[in-house]
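Only one structure is covered here, and it is reproduced in the block below.
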Amino acid sequence: MMRFGSSSNFAINRLRRDAESSQVENVATRKGVAIKTVYFSALAIASAVLTYMFIVYRIMMPLIESGADVSGQMGLLSVLLIVAIVLTLVCAIACMFSIKAVPIMGSLYAVSQGFLLGVISTFAEIAYPGVVFSALLATTAVFAVMSVLYYSGIVKVTDRFRAFMMVALISAVVCNLLMFVLSLIIPALRNTFYGSGLLSIGISVIMVAIASLMLLIDFNMIDNIVERGMDKKYEWVGAFSLTVTLIWLYMEILRLLIKLRGRR
């Protein structure tokens with residue numbers, strides 16, 4: 001039996017439960033994973049761009065040019081937001097429990113996440129011009145640096161490292177849930193946790209660091225898939241896992257940049 005280290009990414013956990021050493025005709029390759037990662041990323045980007053065009057040309061421009069009533073468009077946007085959030089959760093759970101579902105459900109996940117990214121990025125760009133490009137550039141730079149650190153052997157993913165990342169991620173999730181609940185109970189804490197204060201910025205820095213290090217876990221999981229000659233269907237799992245982390249990293253970097261810009 002093959003053994004994969006623990007991971008905080010639900011897509012990787014599925015591998016640890018299901019992977020078995022066997023002879024297969026069509027084995028996974030790094031090129032295959034890369035192509036599928038580009039596919040998922042392209043879906044998310046296309047969805048985000050279309051969302052941007054909808055908000056700008058169907059809501060913002062009519063409102064600015066003629067003061068037209070865009071309440072209907074805003075209502076549609078709100079409904080689509082709810083649908084996208086629910087669809088994202090459903091697709092993530094489906095990918096967690098079924099490898100066969102990853103190509104289809106992963107695609108739907110990318111589209112729905114792209115929509116959410118489009119909404120958040122559009123309003124962030126309106127409030128802070130240039131922040132989206134900065135976030136994209138920073139995400140690309142972090143991905144490049146983590147790739148060099150991992151594939152040059154400077155940083156090695158060991159069982160101890162995986163355990164550390166698991167504890168770090170769980171702690172971050174619990175912390176974010178507590179902050180959310182406390183901000184609902186005590187509204188005065190909302191600005192403390194989500195504003196542009198030092199505590200809020202510090203939390204965002206930690207989240208960016210965790211998301212960045214999770215890329216190393218994804219790289220290692222992809223290496224395991226390829227080096228152990230697993231079936232080609234696992235390329236979808238590796239690509240989906242990496243896409244999830246990249247989207248998360250972008251969101252955390254965007255949030256951090258918004259907070260930093262808010263202090264000016």
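Residues in the structure tokens are numbered from 1 in each chain, the chains being A, B, ... in the order shown, and ligands are numbered from 1 in the order shown.
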Show which residues sit within 9 Å of region 247-254 of chain A, as a PDB file with all heavy atoms, in the first residue's frame. Count only C-alpha atoms, and ignore same-chain residues fewer than 6 positions away.
```pdb
ATOM      1  N   SER A  41      -7.680  26.808 -13.961  1.00  0.00           N
ATOM      2  CA  SER A  41      -7.371  28.224 -13.770  1.00  0.00           C
ATOM      3  C   SER A  41      -8.022  29.085 -14.846  1.00  0.00           C
ATOM      4  O   SER A  41      -8.532  30.179 -14.558  1.00  0.00           O
ATOM      5  CB  SER A  41      -5.849  28.440 -13.781  1.00  0.00           C
ATOM      6  OG  SER A  41      -5.220  27.702 -12.755  1.00  0.00           O
ATOM      7  N   ALA A  44     -11.659  29.606 -14.073  1.00  0.00           N
ATOM      8  CA  ALA A  44     -11.846  30.575 -12.996  1.00  0.00           C
ATOM      9  C   ALA A  44     -11.607  31.998 -13.500  1.00  0.00           C
ATOM     10  O   ALA A  44     -12.375  32.921 -13.187  1.00  0.00           O
ATOM     11  CB  ALA A  44     -10.897  30.258 -11.835  1.00  0.00           C
ATOM     12  N   GLN A 113     -16.085  29.694  -8.193  1.00  0.00           N
ATOM     13  CA  GLN A 113     -15.073  30.465  -7.482  1.00  0.00           C
ATOM     14  C   GLN A 113     -14.632  31.665  -8.309  1.00  0.00           C
ATOM     15  O   GLN A 113     -14.365  32.735  -7.772  1.00  0.00           O
ATOM     16  CB  GLN A 113     -13.851  29.582  -7.175  1.00  0.00           C
ATOM     17  CG  GLN A 113     -13.990  28.746  -5.925  1.00  0.00           C
ATOM     18  CD  GLN A 113     -13.851  29.569  -4.658  1.00  0.00           C
ATOM     19  OE1 GLN A 113     -14.615  30.503  -4.424  1.00  0.00           O
ATOM     20  NE2 GLN A 113     -12.901  29.233  -3.821  1.00  0.00           N
ATOM     21  N   GLY A 114     -14.574  31.478  -9.626  1.00  0.00           N
ATOM     22  CA  GLY A 114     -14.233  32.585 -10.498  1.00  0.00           C
ATOM     23  C   GLY A 114     -15.248  33.708 -10.389  1.00  0.00           C
ATOM     24  O   GLY A 114     -14.889  34.898 -10.393  1.00  0.00           O
ATOM     25  N   LEU A 117     -14.599  35.436  -7.120  1.00  0.00           N
ATOM     26  CA  LEU A 117     -13.389  36.247  -7.259  1.00  0.00           C
ATOM     27  C   LEU A 117     -13.667  37.502  -8.076  1.00  0.00           C
ATOM     28  O   LEU A 117     -13.146  38.579  -7.785  1.00  0.00           O
ATOM     29  CB  LEU A 117     -12.283  35.429  -7.936  1.00  0.00           C
ATOM     30  CG  LEU A 117     -11.658  34.285  -7.138  1.00  0.00           C
ATOM     31  CD1 LEU A 117     -10.631  33.566  -7.988  1.00  0.00           C
ATOM     32  CD2 LEU A 117     -11.028  34.789  -5.864  1.00  0.00           C
ATOM     33  N   ILE A 120     -15.615  40.077  -5.846  1.00  0.00           N
ATOM     34  CA  ILE A 120     -14.741  40.662  -4.821  1.00  0.00           C
ATOM     35  C   ILE A 120     -13.668  41.541  -5.457  1.00  0.00           C
ATOM     36  O   ILE A 120     -13.399  42.660  -5.005  1.00  0.00           O
ATOM     37  CB  ILE A 120     -14.089  39.543  -3.981  1.00  0.00           C
ATOM     38  CG1 ILE A 120     -15.169  38.782  -3.196  1.00  0.00           C
ATOM     39  CG2 ILE A 120     -13.044  40.119  -3.032  1.00  0.00           C
ATOM     40  CD1 ILE A 120     -14.669  37.530  -2.518  1.00  0.00           C
ATOM     41  N   SER A 121     -13.055  41.040  -6.538  1.00  0.00           N
ATOM     42  CA  SER A 121     -11.969  41.777  -7.185  1.00  0.00           C
ATOM     43  C   SER A 121     -12.472  43.068  -7.827  1.00  0.00           C
ATOM     44  O   SER A 121     -11.778  44.095  -7.793  1.00  0.00           O
ATOM     45  CB  SER A 121     -11.289  40.899  -8.243  1.00  0.00           C
ATOM     46  OG  SER A 121     -10.700  39.756  -7.658  1.00  0.00           O
ATOM     47  N   ALA A 124     -13.090  45.581  -5.120  1.00  0.00           N
ATOM     48  CA  ALA A 124     -11.796  45.944  -4.542  1.00  0.00           C
ATOM     49  C   ALA A 124     -11.053  46.906  -5.464  1.00  0.00           C
ATOM     50  O   ALA A 124     -10.442  47.883  -5.005  1.00  0.00           O
ATOM     51  CB  ALA A 124     -10.961  44.695  -4.303  1.00  0.00           C
ATOM     52  N   VAL A 131      -5.125  47.386  -7.155  1.00  0.00           N
ATOM     53  CA  VAL A 131      -4.896  46.368  -6.129  1.00  0.00           C
ATOM     54  C   VAL A 131      -5.032  44.954  -6.683  1.00  0.00           C
ATOM     55  O   VAL A 131      -4.321  44.033  -6.248  1.00  0.00           O
ATOM     56  CB  VAL A 131      -5.862  46.576  -4.933  1.00  0.00           C
ATOM     57  CG1 VAL A 131      -7.296  46.212  -5.315  1.00  0.00           C
ATOM     58  CG2 VAL A 131      -5.409  45.773  -3.731  1.00  0.00           C
ATOM     59  N   VAL A 132      -5.906  44.760  -7.664  1.00  0.00           N
ATOM     60  CA  VAL A 132      -6.090  43.420  -8.239  1.00  0.00           C
ATOM     61  C   VAL A 132      -4.849  42.985  -9.001  1.00  0.00           C
ATOM     62  O   VAL A 132      -4.384  41.847  -8.862  1.00  0.00           O
ATOM     63  CB  VAL A 132      -7.331  43.392  -9.158  1.00  0.00           C
ATOM     64  CG1 VAL A 132      -7.390  42.084  -9.944  1.00  0.00           C
ATOM     65  CG2 VAL A 132      -8.600  43.557  -8.338  1.00  0.00           C
ATOM     66  N   SER A 134      -1.840  44.010  -8.513  1.00  0.00           N
ATOM     67  CA  SER A 134      -0.801  43.779  -7.504  1.00  0.00           C
ATOM     68  C   SER A 134      -0.977  42.400  -6.859  1.00  0.00           C
ATOM     69  O   SER A 134       0.006  41.682  -6.621  1.00  0.00           O
ATOM     70  CB  SER A 134      -0.842  44.866  -6.431  1.00  0.00           C
ATOM     71  OG  SER A 134      -0.566  46.133  -6.977  1.00  0.00           O
ATOM     72  N   ALA A 135      -2.227  42.024  -6.586  1.00  0.00           N
ATOM     73  CA  ALA A 135      -2.503  40.722  -5.972  1.00  0.00           C
ATOM     74  C   ALA A 135      -2.157  39.582  -6.928  1.00  0.00           C
ATOM     75  O   ALA A 135      -1.588  38.562  -6.517  1.00  0.00           O
ATOM     76  CB  ALA A 135      -3.968  40.640  -5.560  1.00  0.00           C
ATOM     77  N   LEU A 136      -2.500  39.751  -8.197  1.00  0.00           N
ATOM     78  CA  LEU A 136      -2.171  38.733  -9.204  1.00  0.00           C
ATOM     79  C   LEU A 136      -0.659  38.581  -9.348  1.00  0.00           C
ATOM     80  O   LEU A 136      -0.132  37.462  -9.430  1.00  0.00           O
ATOM     81  CB  LEU A 136      -2.795  39.096 -10.549  1.00  0.00           C
ATOM     82  CG  LEU A 136      -4.309  38.938 -10.661  1.00  0.00           C
ATOM     83  CD1 LEU A 136      -4.807  39.547 -11.968  1.00  0.00           C
ATOM     84  CD2 LEU A 136      -4.713  37.469 -10.579  1.00  0.00           C
ATOM     85  N   ALA A 138       1.632  39.370  -7.117  1.00  0.00           N
ATOM     86  CA  ALA A 138       2.181  38.792  -5.888  1.00  0.00           C
ATOM     87  C   ALA A 138       1.922  37.293  -5.825  1.00  0.00           C
ATOM     88  O   ALA A 138       2.787  36.513  -5.401  1.00  0.00           O
ATOM     89  CB  ALA A 138       1.577  39.485  -4.671  1.00  0.00           C
ATOM     90  N   THR A 139       0.731  36.863  -6.252  1.00  0.00           N
ATOM     91  CA  THR A 139       0.400  35.436  -6.256  1.00  0.00           C
ATOM     92  C   THR A 139       1.333  34.675  -7.191  1.00  0.00           C
ATOM     93  O   THR A 139       1.840  33.595  -6.851  1.00  0.00           O
ATOM     94  CB  THR A 139      -1.061  35.221  -6.703  1.00  0.00           C
ATOM     95  OG1 THR A 139      -1.930  35.927  -5.817  1.00  0.00           O
ATOM     96  CG2 THR A 139      -1.416  33.743  -6.674  1.00  0.00           C
ATOM     97  N   THR A 140       1.569  35.235  -8.373  1.00  0.00           N
ATOM     98  CA  THR A 140       2.487  34.614  -9.332  1.00  0.00           C
ATOM     99  C   THR A 140       3.897  34.531  -8.760  1.00  0.00           C
ATOM    100  O   THR A 140       4.581  33.512  -8.907  1.00  0.00           O
ATOM    101  CB  THR A 140       2.509  35.418 -10.644  1.00  0.00           C
ATOM    102  OG1 THR A 140       1.185  35.505 -11.174  1.00  0.00           O
ATOM    103  CG2 THR A 140       3.411  34.748 -11.673  1.00  0.00           C
ATOM    104  N   VAL A 142       4.819  34.475  -5.555  1.00  0.00           N
ATOM    105  CA  VAL A 142       4.860  33.488  -4.471  1.00  0.00           C
ATOM    106  C   VAL A 142       4.896  32.068  -5.049  1.00  0.00           C
ATOM    107  O   VAL A 142       5.659  31.221  -4.581  1.00  0.00           O
ATOM    108  CB  VAL A 142       3.645  33.651  -3.541  1.00  0.00           C
ATOM    109  CG1 VAL A 142       3.556  32.478  -2.563  1.00  0.00           C
ATOM    110  CG2 VAL A 142       3.734  34.959  -2.770  1.00  0.00           C
ATOM    111  N   SER A 204      -3.691  38.570   8.547  1.00  0.00           N
ATOM    112  CA  SER A 204      -3.636  38.356   7.100  1.00  0.00           C
ATOM    113  C   SER A 204      -2.253  37.875   6.660  1.00  0.00           C
ATOM    114  O   SER A 204      -2.140  37.024   5.781  1.00  0.00           O
ATOM    115  CB  SER A 204      -4.002  39.653   6.360  1.00  0.00           C
ATOM    116  OG  SER A 204      -5.383  39.906   6.437  1.00  0.00           O
ATOM    117  N   VAL A 205      -1.204  38.417   7.268  1.00  0.00           N
ATOM    118  CA  VAL A 205       0.160  37.977   6.937  1.00  0.00           C
ATOM    119  C   VAL A 205       0.325  36.492   7.252  1.00  0.00           C
ATOM    120  O   VAL A 205       0.913  35.732   6.465  1.00  0.00           O
ATOM    121  CB  VAL A 205       1.201  38.812   7.706  1.00  0.00           C
ATOM    122  CG1 VAL A 205       2.592  38.197   7.575  1.00  0.00           C
ATOM    123  CG2 VAL A 205       1.214  40.244   7.195  1.00  0.00           C
ATOM    124  N   MET A 207      -2.068  34.236   7.377  1.00  0.00           N
ATOM    125  CA  MET A 207      -2.871  33.467   6.428  1.00  0.00           C
ATOM    126  C   MET A 207      -2.172  33.350   5.075  1.00  0.00           C
ATOM    127  O   MET A 207      -2.213  32.296   4.433  1.00  0.00           O
ATOM    128  CB  MET A 207      -4.244  34.114   6.266  1.00  0.00           C
ATOM    129  CG  MET A 207      -5.109  34.060   7.501  1.00  0.00           C
ATOM    130  SD  MET A 207      -5.386  32.373   8.112  1.00  0.00           S
ATOM    131  CE  MET A 207      -6.290  31.661   6.725  1.00  0.00           C
ATOM    132  N   VAL A 208      -1.532  34.433   4.635  1.00  0.00           N
ATOM    133  CA  VAL A 208      -0.769  34.386   3.379  1.00  0.00           C
ATOM    134  C   VAL A 208       0.377  33.385   3.495  1.00  0.00           C
ATOM    135  O   VAL A 208       0.643  32.610   2.567  1.00  0.00           O
ATOM    136  CB  VAL A 208      -0.230  35.784   3.009  1.00  0.00           C
ATOM    137  CG1 VAL A 208       0.775  35.682   1.863  1.00  0.00           C
ATOM    138  CG2 VAL A 208      -1.373  36.709   2.609  1.00  0.00           C
ATOM    139  N   ALA A 209       1.046  33.386   4.634  1.00  0.00           N
ATOM    140  CA  ALA A 209       2.163  32.459   4.850  1.00  0.00           C
ATOM    141  C   ALA A 209       1.691  31.010   4.820  1.00  0.00           C
ATOM    142  O   ALA A 209       2.334  30.147   4.199  1.00  0.00           O
ATOM    143  CB  ALA A 209       2.839  32.767   6.188  1.00  0.00           C
ATOM    144  N   ILE A 210       0.561  30.729   5.469  1.00  0.00           N
ATOM    145  CA  ILE A 210       0.034  29.360   5.486  1.00  0.00           C
ATOM    146  C   ILE A 210      -0.365  28.917   4.083  1.00  0.00           C
ATOM    147  O   ILE A 210      -0.047  27.803   3.645  1.00  0.00           O
ATOM    148  CB  ILE A 210      -1.167  29.259   6.445  1.00  0.00           C
ATOM    149  CG1 ILE A 210      -0.711  29.489   7.889  1.00  0.00           C
ATOM    150  CG2 ILE A 210      -1.849  27.893   6.320  1.00  0.00           C
ATOM    151  CD1 ILE A 210      -1.843  29.540   8.889  1.00  0.00           C
ATOM    152  N   ALA A 211      -1.068  29.795   3.355  1.00  0.00           N
ATOM    153  CA  ALA A 211      -1.477  29.455   1.990  1.00  0.00           C
ATOM    154  C   ALA A 211      -0.260  29.226   1.097  1.00  0.00           C
ATOM    155  O   ALA A 211      -0.261  28.319   0.250  1.00  0.00           O
ATOM    156  CB  ALA A 211      -2.352  30.575   1.420  1.00  0.00           C
ATOM    157  N   SER A 212       0.790  30.018   1.284  1.00  0.00           N
ATOM    158  CA  SER A 212       2.011  29.858   0.490  1.00  0.00           C
ATOM    159  C   SER A 212       2.671  28.514   0.769  1.00  0.00           C
ATOM    160  O   SER A 212       3.088  27.806  -0.160  1.00  0.00           O
ATOM    161  CB  SER A 212       2.992  30.995   0.810  1.00  0.00           C
ATOM    162  OG  SER A 212       2.427  32.253   0.526  1.00  0.00           O
TER     163      SER A 212
END
```
Considering only C-alpha atoms, return as JSON, numbers by chain whatever protein or nucleic-acid residues lie within 10 Å of Tyr234 (chain A), sequence-local ones (same chain, fewer than 2 positions apart) excluded. {"A": [15, 19, 27, 28, 29, 32, 33, 99, 100, 102, 222, 225, 226, 230, 231, 232, 236, 237, 238, 239, 240]}
Restricted to N, CA and C atoms, what would the selected residues look like written as a tab-separated table (two decimals), in the first residue's frame?
```tsv
chain	number	residue	atom	x	y	z
A	15	LEU	N	-6.70	10.98	-1.69
A	15	LEU	CA	-5.61	10.16	-2.21
A	15	LEU	C	-5.10	9.19	-1.15
A	19	ALA	N	-5.36	5.52	-2.62
A	19	ALA	CA	-4.22	5.16	-3.47
A	19	ALA	C	-3.65	3.79	-3.11
A	27	VAL	N	-0.40	6.25	-17.05
A	27	VAL	CA	0.05	6.78	-15.77
A	27	VAL	C	0.04	8.30	-15.78
A	28	ALA	N	-0.07	8.86	-14.60
A	28	ALA	CA	-0.09	10.31	-14.45
A	28	ALA	C	1.29	10.90	-14.74
A	29	THR	N	1.30	12.10	-15.30
A	29	THR	CA	2.54	12.81	-15.59
A	29	THR	C	2.43	14.24	-15.06
A	32	GLY	N	0.62	16.35	-17.54
A	32	GLY	CA	-0.83	16.18	-17.47
A	32	GLY	C	-1.44	17.00	-16.35
A	33	VAL	N	-0.76	17.01	-15.20
A	33	VAL	CA	-1.24	17.81	-14.07
A	33	VAL	C	-1.20	19.30	-14.43
A	99	ILE	N	-13.25	10.66	-6.65
A	99	ILE	CA	-12.23	11.05	-7.61
A	99	ILE	C	-12.84	11.19	-9.01
A	100	LYS	N	-13.78	10.33	-9.34
A	100	LYS	CA	-14.41	10.38	-10.66
A	100	LYS	C	-15.17	11.68	-10.88
A	102	VAL	N	-14.19	14.66	-9.90
A	102	VAL	CA	-13.32	15.84	-9.93
A	102	VAL	C	-13.34	16.58	-11.27
A	222	ILE	N	1.69	15.96	-5.83
A	222	ILE	CA	1.77	15.72	-7.27
A	222	ILE	C	2.97	14.83	-7.59
A	225	ILE	N	2.07	11.26	-6.83
A	225	ILE	CA	1.19	10.71	-7.86
A	225	ILE	C	1.99	10.23	-9.07
A	226	VAL	N	2.93	11.07	-9.50
A	226	VAL	CA	3.71	10.76	-10.71
A	226	VAL	C	4.74	9.67	-10.45
A	230	MET	N	0.78	6.32	-10.61
A	230	MET	CA	-0.65	6.20	-10.40
A	230	MET	C	-1.43	6.46	-11.67
A	231	ASP	N	-2.70	6.05	-11.66
A	231	ASP	CA	-3.55	6.20	-12.83
A	231	ASP	C	-3.68	7.67	-13.23
A	232	LYS	N	-3.90	7.89	-14.52
A	232	LYS	CA	-3.97	9.24	-15.07
A	232	LYS	C	-5.11	10.07	-14.48
A	236	TRP	N	-6.21	14.86	-12.33
A	236	TRP	CA	-7.29	15.80	-12.02
A	236	TRP	C	-7.27	16.19	-10.55
A	237	VAL	N	-6.96	15.22	-9.69
A	237	VAL	CA	-6.92	15.49	-8.25
A	237	VAL	C	-5.79	16.46	-7.92
A	238	GLY	N	-4.61	16.19	-8.49
A	238	GLY	CA	-3.48	17.07	-8.24
A	238	GLY	C	-3.73	18.48	-8.76
A	239	ALA	N	-4.30	18.57	-9.96
A	239	ALA	CA	-4.59	19.87	-10.55
A	239	ALA	C	-5.64	20.63	-9.74
A	240	PHE	N	-6.66	19.92	-9.30
A	240	PHE	CA	-7.72	20.56	-8.52
A	240	PHE	C	-7.17	21.07	-7.19
```
Residue set, region 17-189 of chain A restricted to alpha helix (DSSP H), as a PyMOL selection string: chain A and resi 17-18+30-55+61-66+71-97+102-127+131-151+159-185+189
For the residues in that selection, give me C-alpha atoms as a short mmCIF file (atom, residue, chain, number, x, y, z; two decimals), in the first residue's frame.
```
data_model
loop_
_atom_site.label_atom_id
_atom_site.label_comp_id
_atom_site.auth_asym_id
_atom_site.auth_seq_id
_atom_site.Cartn_x
_atom_site.Cartn_y
_atom_site.Cartn_z
CA ARG A 17 -7.51 6.74 1.52
CA ASP A 18 -7.72 5.38 -2.00
CA ARG A 30 3.56 16.26 -14.40
CA LYS A 31 2.67 17.62 -17.84
CA GLY A 32 -0.83 16.18 -17.47
CA VAL A 33 -1.24 17.81 -14.07
CA ALA A 34 0.04 21.13 -15.45
CA ILE A 35 -2.40 21.06 -18.38
CA LYS A 36 -5.35 20.32 -16.11
CA THR A 37 -4.26 23.04 -13.68
CA VAL A 38 -4.20 25.52 -16.54
CA TYR A 39 -7.68 24.29 -17.54
CA PHE A 40 -9.14 24.87 -14.06
CA SER A 41 -7.37 28.22 -13.77
CA ALA A 42 -8.62 29.33 -17.19
CA LEU A 43 -12.20 28.55 -16.18
CA ALA A 44 -11.85 30.57 -13.00
CA ILE A 45 -10.25 33.52 -14.82
CA ALA A 46 -12.86 33.50 -17.61
CA SER A 47 -15.66 33.41 -15.03
CA ALA A 48 -14.06 36.29 -13.11
CA VAL A 49 -13.66 38.40 -16.27
CA LEU A 50 -17.27 37.85 -17.33
CA THR A 51 -18.39 38.79 -13.82
CA TYR A 52 -16.32 41.97 -14.00
CA MET A 53 -17.93 42.88 -17.33
CA PHE A 54 -21.41 42.26 -15.93
CA ILE A 55 -20.83 44.47 -12.89
CA MET A 61 -21.90 52.39 -16.00
CA PRO A 62 -25.72 52.74 -16.28
CA LEU A 63 -25.77 54.03 -12.70
CA ILE A 64 -23.03 56.59 -13.34
CA GLU A 65 -24.14 57.77 -16.79
CA SER A 66 -27.87 58.15 -16.30
CA SER A 71 -31.86 47.31 -8.38
CA GLY A 72 -32.89 44.40 -10.59
CA GLN A 73 -29.30 43.78 -11.64
CA MET A 74 -28.11 44.05 -8.04
CA GLY A 75 -30.80 41.58 -7.00
CA LEU A 76 -29.62 39.16 -9.70
CA LEU A 77 -26.03 39.60 -8.54
CA SER A 78 -27.03 38.81 -4.94
CA VAL A 79 -28.86 35.65 -6.02
CA LEU A 80 -25.90 34.54 -8.11
CA LEU A 81 -23.59 35.12 -5.14
CA ILE A 82 -25.66 32.80 -2.96
CA VAL A 83 -25.82 30.18 -5.71
CA ALA A 84 -22.05 30.40 -6.25
CA ILE A 85 -21.29 29.96 -2.54
CA VAL A 86 -23.56 26.93 -2.25
CA LEU A 87 -22.23 25.44 -5.49
CA THR A 88 -18.65 25.91 -4.32
CA LEU A 89 -19.34 23.99 -1.11
CA VAL A 90 -21.22 21.20 -2.91
CA CYS A 91 -18.48 20.79 -5.52
CA ALA A 92 -15.74 20.76 -2.89
CA ILE A 93 -17.51 18.03 -0.91
CA ALA A 94 -18.13 16.01 -4.07
CA CYS A 95 -14.45 16.19 -5.04
CA MET A 96 -13.49 15.15 -1.53
CA PHE A 97 -15.48 11.92 -1.69
CA VAL A 102 -13.32 15.84 -9.93
CA PRO A 103 -13.28 16.66 -13.69
CA ILE A 104 -16.91 17.84 -13.71
CA MET A 105 -17.35 19.08 -10.17
CA GLY A 106 -13.90 20.64 -10.20
CA SER A 107 -14.86 22.56 -13.33
CA LEU A 108 -18.04 23.82 -11.68
CA TYR A 109 -16.00 24.74 -8.62
CA ALA A 110 -13.60 26.77 -10.75
CA VAL A 111 -16.47 28.60 -12.47
CA SER A 112 -18.28 29.39 -9.21
CA GLN A 113 -15.07 30.46 -7.48
CA GLY A 114 -14.23 32.59 -10.50
CA PHE A 115 -17.56 34.35 -10.11
CA LEU A 116 -16.90 35.03 -6.44
CA LEU A 117 -13.39 36.25 -7.26
CA GLY A 118 -14.83 38.48 -9.97
CA VAL A 119 -17.29 40.14 -7.59
CA ILE A 120 -14.74 40.66 -4.82
CA SER A 121 -11.97 41.78 -7.18
CA THR A 122 -14.20 44.22 -9.06
CA PHE A 123 -15.33 46.09 -5.97
CA ALA A 124 -11.80 45.94 -4.54
CA GLU A 125 -10.45 47.50 -7.75
CA ILE A 126 -13.10 50.23 -7.65
CA ALA A 127 -12.16 51.11 -4.08
CA VAL A 131 -4.90 46.37 -6.13
CA VAL A 132 -6.09 43.42 -8.24
CA PHE A 133 -3.07 43.56 -10.55
CA SER A 134 -0.80 43.78 -7.50
CA ALA A 135 -2.50 40.72 -5.97
CA LEU A 136 -2.17 38.73 -9.20
CA LEU A 137 1.49 39.69 -9.51
CA ALA A 138 2.18 38.79 -5.89
CA THR A 139 0.40 35.44 -6.26
CA THR A 140 2.49 34.61 -9.33
CA ALA A 141 5.68 35.63 -7.52
CA VAL A 142 4.86 33.49 -4.47
CA PHE A 143 4.06 30.50 -6.72
CA ALA A 144 7.41 30.93 -8.51
CA VAL A 145 9.37 31.25 -5.27
CA MET A 146 7.69 28.21 -3.70
CA SER A 147 8.35 26.19 -6.87
CA VAL A 148 12.06 27.06 -6.73
CA LEU A 149 12.28 26.30 -3.01
CA TYR A 150 10.63 22.90 -3.45
CA TYR A 151 12.14 21.64 -6.69
CA ASP A 159 5.96 14.07 7.80
CA ARG A 160 6.84 16.63 10.47
CA PHE A 161 6.27 19.47 8.01
CA ARG A 162 2.89 18.03 7.00
CA ALA A 163 1.87 17.69 10.64
CA PHE A 164 2.94 21.29 11.29
CA MET A 165 0.89 22.51 8.33
CA MET A 166 -2.13 20.55 9.48
CA VAL A 167 -1.96 22.15 12.94
CA ALA A 168 -1.37 25.59 11.42
CA LEU A 169 -4.31 25.32 9.04
CA ILE A 170 -6.73 23.99 11.64
CA SER A 171 -5.67 26.75 14.02
CA ALA A 172 -6.21 29.36 11.30
CA VAL A 173 -9.67 28.02 10.47
CA VAL A 174 -10.71 27.93 14.14
CA CYS A 175 -9.32 31.44 14.66
CA ASN A 176 -11.24 32.80 11.67
CA LEU A 177 -14.47 31.16 12.85
CA LEU A 178 -14.04 32.62 16.32
CA MET A 179 -13.39 36.08 14.89
CA PHE A 180 -16.48 35.81 12.70
CA VAL A 181 -18.70 34.75 15.60
CA LEU A 182 -17.28 37.38 17.95
CA SER A 183 -17.73 40.11 15.34
CA LEU A 184 -21.41 39.16 15.10
CA ILE A 185 -21.88 39.15 18.87
CA LEU A 189 -14.72 44.00 17.20
#
```
